[in-house]
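Note: the block below is upload_1.csv and it holds CSV, C-alpha atoms.
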```
chain,number,residue,atom,x,y,z
A,30,MET,CA,-25.7,15.0,5.9
A,31,ASN,CA,-23.9,12.0,7.2
A,32,VAL,CA,-22.9,9.9,4.2
A,33,GLN,CA,-20.9,7.2,5.9
A,34,SER,CA,-23.1,4.3,4.8
A,35,TYR,CA,-23.1,4.0,1.0
A,36,PRO,CA,-25.6,1.7,-0.7
A,37,SER,CA,-22.9,0.6,-3.1
A,38,LYS,CA,-19.1,0.0,-2.8
A,39,LEU,CA,-18.6,1.3,-6.4
A,40,LEU,CA,-20.3,4.5,-5.4
A,41,GLU,CA,-18.3,4.8,-2.2
A,42,THR,CA,-15.0,4.3,-4.0
A,43,ALA,CA,-15.8,6.9,-6.6
A,44,VAL,CA,-16.9,9.4,-3.9
A,45,GLU,CA,-13.6,8.7,-2.0
A,46,GLU,CA,-11.6,9.4,-5.1
A,47,PHE,CA,-13.4,12.7,-5.8
A,48,SER,CA,-13.0,13.8,-2.2
A,49,LYS,CA,-9.2,13.6,-2.5
A,50,PHE,CA,-9.3,16.8,-4.5
A,51,PRO,CA,-8.5,20.0,-2.5
A,52,GLY,CA,-11.7,21.8,-1.5
A,53,ILE,CA,-14.0,18.9,-2.3
A,54,GLY,CA,-15.6,17.3,0.7
A,55,ARG,CA,-17.6,14.1,0.8
A,56,ARG,CA,-20.8,15.9,0.2
A,57,SER,CA,-19.6,17.7,-2.9
A,58,ALA,CA,-17.9,14.5,-4.1
A,59,LEU,CA,-21.2,12.7,-3.9
A,60,ARG,CA,-22.9,15.4,-5.9
A,61,LEU,CA,-20.3,15.2,-8.6
A,62,VAL,CA,-20.5,11.4,-8.7
A,63,LEU,CA,-24.3,11.4,-8.9
A,64,HIS,CA,-24.0,13.9,-11.8
A,65,LEU,CA,-21.7,11.5,-13.6
A,66,LEU,CA,-24.3,8.7,-13.0
A,67,ARG,CA,-26.9,10.8,-14.8
A,68,GLN,CA,-24.7,11.1,-17.9
A,69,ASP,CA,-24.5,8.7,-20.8
A,70,ILE,CA,-21.7,6.1,-20.5
A,71,GLU,CA,-20.0,7.7,-23.5
A,72,ASP,CA,-19.7,11.0,-21.6
A,73,VAL,CA,-18.3,9.2,-18.6
A,74,ASP,CA,-15.8,7.5,-20.8
A,75,SER,CA,-14.8,10.7,-22.5
A,76,PHE,CA,-14.3,12.3,-19.1
A,77,THR,CA,-12.0,9.5,-17.9
A,78,ARG,CA,-10.2,9.3,-21.3
A,79,ALA,CA,-9.3,13.0,-21.1
A,80,ILE,CA,-7.8,12.5,-17.6
A,81,THR,CA,-6.0,9.4,-18.6
A,82,ASP,CA,-4.6,11.0,-21.7
A,83,LEU,CA,-3.4,14.0,-19.8
A,84,GLY,CA,-1.9,11.9,-17.0
A,85,HIS,CA,0.0,9.6,-19.3
A,86,ASN,CA,0.9,11.9,-22.2
A,87,VAL,CA,1.6,15.2,-20.5
A,88,LYS,CA,4.9,16.8,-21.4
A,89,TYR,CA,6.8,19.6,-19.9
A,90,CYS,CA,8.9,22.0,-21.9
A,91,ARG,CA,12.6,21.0,-21.7
A,92,VAL,CA,13.6,24.7,-21.4
A,93,CYS,CA,11.1,26.3,-19.0
A,94,ASN,CA,9.1,23.3,-17.5
A,95,ASN,CA,5.8,24.7,-18.7
A,96,ILE,CA,3.2,22.1,-19.7
A,97,SER,CA,3.4,21.5,-23.4
A,98,ASP,CA,2.3,19.0,-26.1
A,99,THR,CA,5.8,19.3,-27.7
A,100,ASP,CA,9.3,18.9,-26.3
A,101,THR,CA,9.8,22.7,-26.4
A,102,CYS,CA,6.7,24.8,-25.6
A,103,GLY,CA,5.1,27.3,-27.9
A,104,ILE,CA,6.4,30.2,-25.9
A,105,CYS,CA,10.1,29.1,-25.8
A,106,SER,CA,10.1,28.2,-29.5
A,107,SER,CA,8.4,31.4,-30.7
A,108,PRO,CA,10.6,33.8,-32.7
A,109,HIS,CA,8.4,36.6,-31.5
A,110,ARG,CA,9.2,36.4,-27.9
A,111,ASP,CA,12.1,38.2,-26.2
A,112,ALA,CA,14.6,35.5,-25.0
A,113,GLY,CA,16.4,38.1,-23.0
A,114,LEU,CA,13.7,38.3,-20.4
A,115,ILE,CA,12.9,35.3,-18.1
A,116,CYS,CA,9.9,35.5,-15.8
A,117,VAL,CA,10.2,33.0,-12.9
A,118,VAL,CA,6.9,31.6,-11.7
A,119,GLU,CA,5.7,28.9,-9.3
A,120,SER,CA,3.5,26.9,-11.6
A,121,ILE,CA,2.0,26.7,-15.0
A,122,LYS,CA,-1.1,28.4,-13.6
A,123,GLU,CA,0.9,31.7,-13.2
A,124,VAL,CA,2.2,31.3,-16.8
A,125,MET,CA,-1.4,31.2,-18.0
A,126,MET,CA,-2.4,34.2,-15.7
A,127,ILE,CA,0.5,36.4,-16.9
A,128,GLU,CA,-0.1,35.4,-20.6
A,129,SER,CA,-3.7,36.5,-20.2
A,130,THR,CA,-2.5,40.0,-19.2
A,131,HIS,CA,-0.8,40.4,-22.6
A,132,GLN,CA,1.8,42.6,-20.8
A,133,PHE,CA,4.8,40.2,-21.1
A,134,ASN,CA,6.6,39.2,-24.2
A,135,GLY,CA,9.6,37.3,-22.7
A,136,LEU,CA,10.0,33.7,-21.7
A,137,TYR,CA,9.2,31.9,-18.5
A,138,HIS,CA,10.8,29.6,-16.0
A,139,VAL,CA,8.5,27.3,-14.0
A,140,LEU,CA,10.0,26.6,-10.6
A,141,GLY,CA,7.5,24.0,-9.5
A,142,GLY,CA,6.8,25.7,-6.1
A,143,VAL,CA,8.6,27.9,-3.6
A,144,ILE,CA,11.0,27.2,-0.8
A,145,SER,CA,8.9,26.1,2.2
A,146,PRO,CA,10.6,24.5,5.2
A,147,MET,CA,7.1,24.0,6.7
A,148,GLU,CA,6.1,21.8,3.8
A,149,GLY,CA,9.5,20.2,3.5
A,150,ILE,CA,10.2,21.9,0.1
A,151,GLY,CA,13.9,22.9,-0.2
A,152,PRO,CA,15.8,24.5,-3.1
A,153,ALA,CA,16.8,21.1,-4.5
A,154,ASP,CA,13.1,20.3,-5.0
A,155,LEU,CA,12.7,23.3,-7.4
A,156,SER,CA,14.2,23.8,-10.8
A,157,ILE,CA,16.6,26.5,-9.6
A,158,GLU,CA,19.8,24.9,-11.0
A,159,LYS,CA,18.2,24.8,-14.4
A,160,LEU,CA,17.4,28.5,-14.2
A,161,VAL,CA,21.0,29.2,-13.3
A,162,ASP,CA,22.1,27.1,-16.3
A,163,ARG,CA,19.8,29.2,-18.6
A,164,VAL,CA,21.4,32.4,-17.3
A,165,ASN,CA,24.9,30.9,-17.7
A,166,GLN,CA,24.2,30.1,-21.3
A,167,GLY,CA,24.1,33.9,-21.9
A,168,GLY,CA,21.6,36.1,-23.7
A,169,VAL,CA,19.5,36.8,-20.6
A,170,ARG,CA,19.3,40.5,-19.7
A,171,GLU,CA,16.7,40.3,-16.9
A,172,VAL,CA,15.3,37.7,-14.5
A,173,ILE,CA,11.8,38.8,-13.2
A,174,MET,CA,10.7,37.1,-10.1
A,175,ALA,CA,6.9,36.7,-10.2
A,176,LEU,CA,6.3,34.6,-7.0
A,177,SER,CA,3.6,35.0,-4.4
A,178,ALA,CA,4.0,38.0,-2.0
A,179,THR,CA,4.5,35.6,1.0
A,180,THR,CA,7.3,34.7,3.3
A,181,GLU,CA,8.0,31.6,1.2
A,182,GLY,CA,8.0,33.7,-2.0
A,183,ASP,CA,10.4,36.2,-0.5
A,184,THR,CA,12.7,33.5,0.8
A,185,THR,CA,12.8,32.0,-2.7
A,186,ASN,CA,13.5,35.4,-4.2
A,187,PHE,CA,16.4,35.9,-1.9
A,188,TYR,CA,17.8,32.4,-2.5
A,189,ILE,CA,17.8,32.9,-6.3
A,190,PHE,CA,19.1,36.4,-5.9
A,191,LYS,CA,22.2,35.0,-4.1
A,192,LYS,CA,22.7,32.4,-6.9
A,193,LEU,CA,22.5,35.1,-9.6
A,194,LYS,CA,24.0,38.1,-8.0
A,195,ASP,CA,27.4,37.7,-9.7
A,196,LYS,CA,26.0,37.2,-13.1
A,197,PRO,CA,25.6,40.1,-15.6
A,198,VAL,CA,21.8,40.0,-15.3
A,199,LEU,CA,19.2,42.4,-13.9
A,200,PHE,CA,17.2,40.9,-11.0
A,201,SER,CA,13.7,42.3,-10.5
A,202,THR,CA,10.4,41.4,-8.8
A,203,LEU,CA,6.8,42.3,-9.4
A,204,ALA,CA,5.7,45.7,-8.2
A,205,ARG,CA,3.9,45.6,-4.9
A,206,GLY,CA,1.4,48.1,-3.9
A,207,VAL,CA,-2.3,48.9,-3.7
A,208,ALA,CA,-4.2,46.6,-6.0
A,209,PHE,CA,-6.1,48.2,-8.9
A,210,GLY,CA,-9.7,49.0,-7.7
A,211,ASP,CA,-8.9,48.5,-4.0
A,212,GLU,CA,-10.2,51.1,-1.5
A,213,LEU,CA,-7.4,52.3,0.8
A,214,GLU,CA,-9.8,51.8,3.8
A,215,PHE,CA,-9.5,48.1,3.3
A,216,THR,CA,-5.8,47.8,2.4
A,217,ASP,CA,-3.6,46.2,5.0
A,218,GLU,CA,-1.0,48.3,6.8
A,219,VAL,CA,2.0,46.4,5.4
A,220,THR,CA,0.9,46.9,1.8
A,221,LEU,CA,-0.1,50.5,2.4
A,222,GLY,CA,3.2,51.2,4.1
A,223,ARG,CA,5.3,49.8,1.3
A,224,ALA,CA,3.1,51.6,-1.3
A,225,ILE,CA,4.0,54.9,0.4
A,226,LEU,CA,7.7,54.1,0.6
A,227,ASN,CA,7.8,52.9,-3.0
A,228,ARG,CA,5.6,55.7,-4.3
A,229,VAL,CA,6.1,56.6,-8.0
A,230,LYS,CA,6.0,59.9,-9.8
A,231,PHE,CA,2.5,60.6,-11.1
A,232,ASP,CA,2.3,60.2,-14.9
A,233,ALA,CA,-0.9,61.4,-16.4
A,234,SER,CA,-0.1,59.6,-19.6
A,235,ILE,CA,-0.6,56.1,-18.0
A,236,PRO,CA,-4.3,55.3,-17.6
A,237,GLY,CA,-5.5,54.1,-14.2
B,18,MET,CA,-8.3,35.1,-14.8
B,19,ASN,CA,-8.8,34.6,-18.5
B,20,VAL,CA,-7.8,31.0,-19.2
B,21,GLN,CA,-8.7,30.9,-22.9
B,22,SER,CA,-5.3,30.1,-24.2
B,23,TYR,CA,-4.1,26.8,-22.8
B,24,PRO,CA,-0.4,25.8,-23.3
B,25,SER,CA,-1.5,22.2,-24.0
B,26,LYS,CA,-4.4,20.7,-25.9
B,27,LEU,CA,-4.4,17.7,-23.4
B,28,LEU,CA,-4.7,20.2,-20.6
B,29,GLU,CA,-7.5,22.1,-22.3
B,30,THR,CA,-9.5,18.9,-23.0
B,31,ALA,CA,-9.2,17.8,-19.4
B,32,VAL,CA,-10.2,21.2,-18.1
B,33,GLU,CA,-13.2,21.2,-20.5
B,34,GLU,CA,-14.3,17.8,-19.2
B,35,PHE,CA,-14.1,18.9,-15.6
B,36,SER,CA,-16.0,22.2,-16.2
B,37,LYS,CA,-19.0,20.1,-17.4
B,38,PHE,CA,-19.8,19.3,-13.8
B,39,PRO,CA,-22.4,21.5,-12.2
B,40,GLY,CA,-20.9,24.3,-10.1
B,41,ILE,CA,-17.4,23.9,-11.5
B,42,GLY,CA,-16.3,26.8,-13.7
B,43,ARG,CA,-13.2,26.9,-15.9
B,44,ARG,CA,-11.1,28.3,-13.1
B,45,SER,CA,-12.0,25.6,-10.6
B,46,ALA,CA,-11.6,22.9,-13.3
B,47,LEU,CA,-8.1,24.1,-14.0
B,48,ARG,CA,-7.3,23.9,-10.3
B,49,LEU,CA,-8.6,20.3,-10.1
B,50,VAL,CA,-6.6,19.3,-13.2
B,51,LEU,CA,-3.4,20.9,-11.9
B,52,HIS,CA,-4.0,19.0,-8.7
B,53,LEU,CA,-4.2,15.7,-10.7
B,54,LEU,CA,-1.0,16.6,-12.5
B,55,ARG,CA,0.8,16.9,-9.2
B,56,GLN,CA,-0.2,13.3,-8.3
B,57,ASP,CA,1.6,10.1,-9.1
B,58,ILE,CA,0.3,8.4,-12.3
B,59,GLU,CA,-0.9,5.5,-10.2
B,60,ASP,CA,-3.2,7.9,-8.3
B,61,VAL,CA,-4.5,9.4,-11.5
B,62,ASP,CA,-5.2,5.8,-12.8
B,63,SER,CA,-7.0,4.8,-9.6
B,64,PHE,CA,-9.2,7.9,-9.9
B,65,THR,CA,-10.2,7.2,-13.5
B,66,ARG,CA,-10.6,3.5,-12.7
B,67,ALA,CA,-13.1,4.2,-9.9
B,68,ILE,CA,-15.1,6.4,-12.3
B,69,THR,CA,-15.0,3.9,-15.1
B,70,ASP,CA,-15.9,1.0,-12.7
B,71,LEU,CA,-18.9,2.9,-11.4
B,72,GLY,CA,-20.1,4.0,-14.8
B,73,HIS,CA,-19.9,0.6,-16.4
B,74,ASN,CA,-20.8,-1.7,-13.5
B,75,VAL,CA,-23.3,0.3,-11.5
B,76,LYS,CA,-26.6,-1.5,-10.8
B,77,TYR,CA,-29.9,-0.3,-9.6
B,78,CYS,CA,-32.1,-2.3,-7.3
B,79,ARG,CA,-34.8,-4.1,-9.3
B,80,VAL,CA,-37.4,-3.3,-6.6
B,81,CYS,CA,-36.7,0.3,-5.5
B,82,ASN,CA,-34.2,1.6,-8.1
B,83,ASN,CA,-31.7,2.5,-5.4
B,84,ILE,CA,-28.1,2.2,-6.4
B,85,SER,CA,-26.8,-1.2,-5.5
B,86,ASP,CA,-24.0,-3.7,-6.1
B,87,THR,CA,-26.5,-6.5,-6.2
B,88,ASP,CA,-29.8,-7.1,-8.1
B,89,THR,CA,-31.8,-6.4,-5.0
B,90,CYS,CA,-30.4,-3.7,-2.7
B,91,GLY,CA,-29.4,-4.3,0.9
B,92,ILE,CA,-32.4,-2.4,2.2
B,93,CYS,CA,-35.0,-4.2,0.1
B,94,SER,CA,-33.5,-7.6,0.9
B,95,SER,CA,-33.1,-7.0,4.6
B,96,PRO,CA,-35.5,-9.1,6.9
B,97,HIS,CA,-35.2,-6.3,9.5
B,98,ARG,CA,-36.9,-3.6,7.4
B,99,ASP,CA,-40.7,-3.0,7.5
B,100,ALA,CA,-41.9,-3.9,4.0
B,101,GLY,CA,-45.3,-2.3,4.8
B,102,LEU,CA,-43.8,1.3,4.5
B,103,ILE,CA,-42.6,2.7,1.3
B,104,CYS,CA,-40.8,6.1,1.3
B,105,VAL,CA,-40.9,7.7,-2.1
B,106,VAL,CA,-37.8,9.9,-2.9
B,107,GLU,CA,-36.4,11.7,-5.9
B,108,SER,CA,-32.9,10.2,-6.0
B,109,ILE,CA,-30.5,7.9,-4.2
B,110,LYS,CA,-29.1,11.0,-2.5
B,111,GLU,CA,-32.3,11.3,-0.5
B,112,VAL,CA,-32.2,7.6,0.4
B,113,MET,CA,-28.7,8.2,1.9
B,114,MET,CA,-29.9,11.3,3.7
B,115,ILE,CA,-33.0,9.6,5.3
B,116,GLU,CA,-30.9,6.5,6.2
B,117,SER,CA,-28.5,8.8,8.0
B,118,THR,CA,-31.3,10.1,10.2
B,119,HIS,CA,-31.9,6.5,11.5
B,120,GLN,CA,-35.6,7.4,11.8
B,121,PHE,CA,-37.0,5.2,9.1
B,122,ASN,CA,-37.1,1.5,9.0
B,123,GLY,CA,-39.2,0.9,5.9
B,124,LEU,CA,-38.3,0.5,2.2
B,125,TYR,CA,-37.7,3.1,-0.4
B,126,HIS,CA,-38.9,3.9,-3.9
B,127,VAL,CA,-36.5,6.1,-6.0
B,128,LEU,CA,-38.6,8.0,-8.6
B,129,GLY,CA,-35.6,9.4,-10.6
B,130,GLY,CA,-36.8,13.0,-10.3
B,131,VAL,CA,-40.0,15.0,-10.0
B,132,ILE,CA,-42.6,16.0,-12.6
B,133,SER,CA,-41.3,19.2,-14.2
B,134,PRO,CA,-42.9,20.6,-17.4
B,135,MET,CA,-40.2,23.3,-17.5
B,136,GLU,CA,-37.5,20.7,-17.7
B,137,GLY,CA,-39.6,18.4,-19.9
B,138,ILE,CA,-39.9,15.7,-17.3
B,139,GLY,CA,-43.3,14.0,-17.4
B,140,PRO,CA,-44.8,11.2,-15.3
B,141,ALA,CA,-43.7,8.6,-17.9
B,142,ASP,CA,-40.0,9.6,-17.3
B,143,LEU,CA,-40.3,8.6,-13.6
B,144,SER,CA,-40.8,5.1,-12.1
B,145,ILE,CA,-44.4,5.8,-11.0
B,146,GLU,CA,-45.9,2.7,-12.7
B,147,LYS,CA,-43.4,0.6,-10.8
B,148,LEU,CA,-44.5,2.1,-7.6
B,149,VAL,CA,-48.2,1.4,-8.4
B,150,ASP,CA,-47.2,-2.2,-9.2
B,151,ARG,CA,-45.5,-2.5,-5.8
B,152,VAL,CA,-48.6,-1.2,-4.0
B,153,ASN,CA,-50.8,-3.6,-6.1
B,154,GLN,CA,-48.7,-6.6,-5.1
B,155,GLY,CA,-50.1,-6.0,-1.6
B,156,GLY,CA,-48.5,-5.8,1.9
B,157,VAL,CA,-48.0,-2.0,1.7
B,158,ARG,CA,-49.7,-0.1,4.5
B,159,GLU,CA,-48.3,3.4,3.9
B,160,VAL,CA,-46.7,5.4,1.1
B,161,ILE,CA,-44.7,8.3,2.5
B,162,MET,CA,-43.9,11.0,-0.1
B,163,ALA,CA,-40.5,12.6,0.8
B,164,LEU,CA,-40.1,14.9,-2.2
B,165,SER,CA,-38.8,18.5,-2.2
B,166,ALA,CA,-41.2,21.1,-0.8
B,167,THR,CA,-41.4,22.8,-4.3
B,168,THR,CA,-44.1,23.2,-6.9
B,169,GLU,CA,-42.7,20.3,-8.8
B,170,GLY,CA,-42.6,18.1,-5.6
B,171,ASP,CA,-46.2,19.1,-4.9
B,172,THR,CA,-47.3,18.3,-8.4
B,173,THR,CA,-45.7,14.9,-8.2
B,174,ASN,CA,-47.3,14.2,-4.8
B,175,PHE,CA,-50.7,15.1,-6.3
B,176,TYR,CA,-50.2,12.9,-9.4
B,177,ILE,CA,-49.2,9.9,-7.4
B,178,PHE,CA,-52.0,10.5,-4.8
B,179,LYS,CA,-54.5,10.3,-7.7
B,180,LYS,CA,-52.9,7.0,-8.9
B,181,LEU,CA,-53.1,5.5,-5.4
B,182,LYS,CA,-56.3,7.0,-3.9
B,183,ASP,CA,-58.4,3.9,-4.6
B,184,LYS,CA,-55.9,1.5,-3.1
B,185,PRO,CA,-56.1,0.4,0.5
B,186,VAL,CA,-53.0,2.4,1.5
B,187,LEU,CA,-52.3,5.4,3.7
B,188,PHE,CA,-50.8,8.3,1.7
B,189,SER,CA,-48.6,10.7,3.7
B,190,THR,CA,-46.0,13.4,3.1
B,191,LEU,CA,-43.1,14.8,5.2
B,192,ALA,CA,-44.1,17.2,8.0
B,193,ARG,CA,-43.6,20.8,6.9
B,194,GLY,CA,-42.9,23.6,9.4
B,195,VAL,CA,-40.1,25.6,11.0
B,196,ALA,CA,-36.8,23.8,10.6
B,197,PHE,CA,-35.1,22.7,13.8
B,198,GLY,CA,-32.8,25.5,15.0
B,199,ASP,CA,-34.4,28.2,12.7
B,200,GLU,CA,-35.2,31.6,14.2
B,201,LEU,CA,-38.8,32.7,13.5
B,202,GLU,CA,-37.5,36.1,12.4
B,203,PHE,CA,-35.9,34.5,9.4
B,204,THR,CA,-38.6,32.0,8.5
B,205,ASP,CA,-40.5,32.8,5.3
B,206,GLU,CA,-44.2,33.6,5.6
B,207,VAL,CA,-45.5,30.6,3.7
B,208,THR,CA,-43.6,28.2,6.0
B,209,LEU,CA,-44.7,30.1,9.1
B,210,GLY,CA,-48.3,30.3,8.0
B,211,ARG,CA,-48.5,26.6,7.4
B,212,ALA,CA,-46.7,25.9,10.7
B,213,ILE,CA,-49.4,27.8,12.5
B,214,LEU,CA,-52.2,26.1,10.6
B,215,ASN,CA,-50.7,22.7,11.2
B,216,ARG,CA,-49.7,23.3,14.8
B,217,VAL,CA,-49.3,20.2,17.0
B,218,LYS,CA,-50.1,19.6,20.6
B,219,PHE,CA,-47.1,20.3,22.8
B,220,ASP,CA,-45.7,17.1,24.1
B,221,ALA,CA,-43.0,17.6,26.8
B,222,SER,CA,-41.8,14.0,26.4
B,223,ILE,CA,-40.4,14.6,22.9
B,224,PRO,CA,-37.1,16.4,23.1
B,225,GLY,CA,-36.5,19.4,20.9
```
Can the structure in the file be given as structure tokens, please?
Amino acid sequence: MNVQSYPSKLLETAVEEFSKFPGIGRRSALRLVLHLLRQDIEDVDSFTRAITDLGHNVKYCRVCNNISDTDTCGICSSPHRDAGLICVVESIKEVMMIESTHQFNGLYHVLGGVISPMEGIGPADLSIEKLVDRVNQGGVREVIMALSATTEGDTTNFYIFKKLKDKPVLFSTLARGVAFGDELEFTDEVTLGRAILNRVKFDASIPG
Amino acid sequence: MNVQSYPSKLLETAVEEFSKFPGIGRRSALRLVLHLLRQDIEDVDSFTRAITDLGHNVKYCRVCNNISDTDTCGICSSPHRDAGLICVVESIKEVMMIESTHQFNGLYHVLGGVISPMEGIGPADLSIEKLVDRVNQGGVREVIMALSATTEGDTTNFYIFKKLKDKPVLFSTLARGVAFGDELEFTDEVTLGRAILNRVKFDASIPG
């Protein structure tokens, strides 16, 4: 469908705004806007109010940069979390993903991205100095790098490793290998090769 | 990903609002909200302003119900359109689709849906009386029904046909048949059967 000629400028502006989102083309944007038009005006207002509230009042934890309604986030201020472990992630999305695994009880550090010369993101654009400061303050036993398994993630791992290598702190990364449930037939060679090199002793006590 | 525990109430509310859209689950909603968080506050404000503007100031053409910035839409008020033809459609989306074909030079009538007992939509919920009024005012030669080729669309066609059958007006529907570019192998039996019954004389002068 060619939707270049809109019957209303207001409609066109709203569709243009929606199509700025990643993965939303003009056609999907129009569908979303027409859905809004079918709602009561109170529902439209409650939608825009939620976005405005978030945009204007969002806070980020002063310790770990995670999104938060308070100056220090619930994780950083919890007495039940292990402050000796810092898990370094790209964004708040990965914090939510790791939290939902219930496998990690330490704190986080949200970098705000990974080093990517292609996208013009250098070390200074990420909160790496703040991470080094946290380690320098002491009490941190281990820094766990949980970045994407990409060249950019590896570059960032290496950069931060160099920054921390003289500190009395263990530096680890996520295990890489065959994903749970994956069939070997469809596993790529690099992953399979590294999974063989980094094979682990079979332990019948660990399920899966 | 289980995203039940949000680090921020503001974030959660915004995600909930986005996931009210059809086809947008919690995970996509979170992705959209995180995209907004990466934008400048001016861009967030311009997004919400466009939605608010549309919601509060949207007008519908007093003649055809199409969305419009003026009391009478650009199509209904154009001296270049044939006011003797009325194409009846479900929503403004179909107006835009038909306009983009450049094959129709008449006016429209937006019903606001189709008769659907399953969804509790009866004839009184649609602007059918207004259509009958337009025909009664005279000057209309033909009413073209351009509704979906579904049971609901057919029911609505039949209901409106009964309302108009004593008026001096031609009543037509969109041609149904094999879609342009479709392979017969993958065409359903009902469509294929009707396409054979309603076969047309081959005319080499019409491309395609």
Quiz prompt | Polymer residues at most 9 Å from Asn95 of chain A, all atoms listed in the file, same-chain spacing of 2 or more positions, as a list in words | solution =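 Skipping anything fewer than 2 positions along the chain leaves Lys88, Tyr89, Cys90, Arg91, Val92, Cys93, Ser97, Thr101, Cys102, Ser120, Ile121, Val124, Tyr137, His138 and Val139 of chain A; Pro24 of chain B.
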Practice problem: Using all atoms listed in the file, find the one residue out of A:Glu119, A:Ser129, A:Asn94, A:Glu171 that sits nearest to chain B. | Solution: A:Ser129
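Across the model, the gap from atom CA of Val118 of chain A to atom CA of Arg170 of chain A is 17.2 Å.
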Quiz item: Hey, can you check how far atom CA of Val62 of chain A sits from atom CA of Phe197 of chain B?
Solution: 29.1 Å
Exercise. May I have the protein, DNA and RNA residues with an atom at most 10 Å from (9.7, 40.0, -9.2), counting all atoms listed in the file in the file's coordinates, returned as a ChimeraX atom specification?
Key: /A:116-118,172-178,182-183,186,200-205
Practice problem: For chain B, work out the contacting residues on chain A at 7 Å, counting all atoms listed in the file, and write them as a VMD selection string. | Solution: chain A and resid 30 to 32 36 to 40 42 to 43 46 50 61 66 70 73 to 74 76 to 77 79 to 84 96 to 98 125 to 126 129
So for segment 39-51 of chain B, what box centre and size do we get, axis-aligned, 6 Å extra on each of the six sides, every listed atom, Å to one decimal, as AutoDock Vina command-line options?
```
--center_x -12.9 --center_y 23.8 --center_z -13.0 --size_x 31.0 --size_y 21.0 --size_z 17.8
```
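Atom CA of Asp150 of chain B is found 17.9 Å from atom CA of Ser94 of chain B.
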Exercise. Would you list the contacts of Gly101 of chain B as number ranges by chain, taking every protein, DNA or RNA residue within 10 Å and counting only C-alpha atoms, but skipping same-chain residues closer than 4 positions in sequence?
Key: B: 122-124, 152, 155-160, 186
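Nearest-residue note for Pro185 of chain B: choosing from B:Glu200, B:Leu214, B:Thr167, B:Asn153, the minimum distance belongs to B:Asn153, counting all atoms listed in the file.
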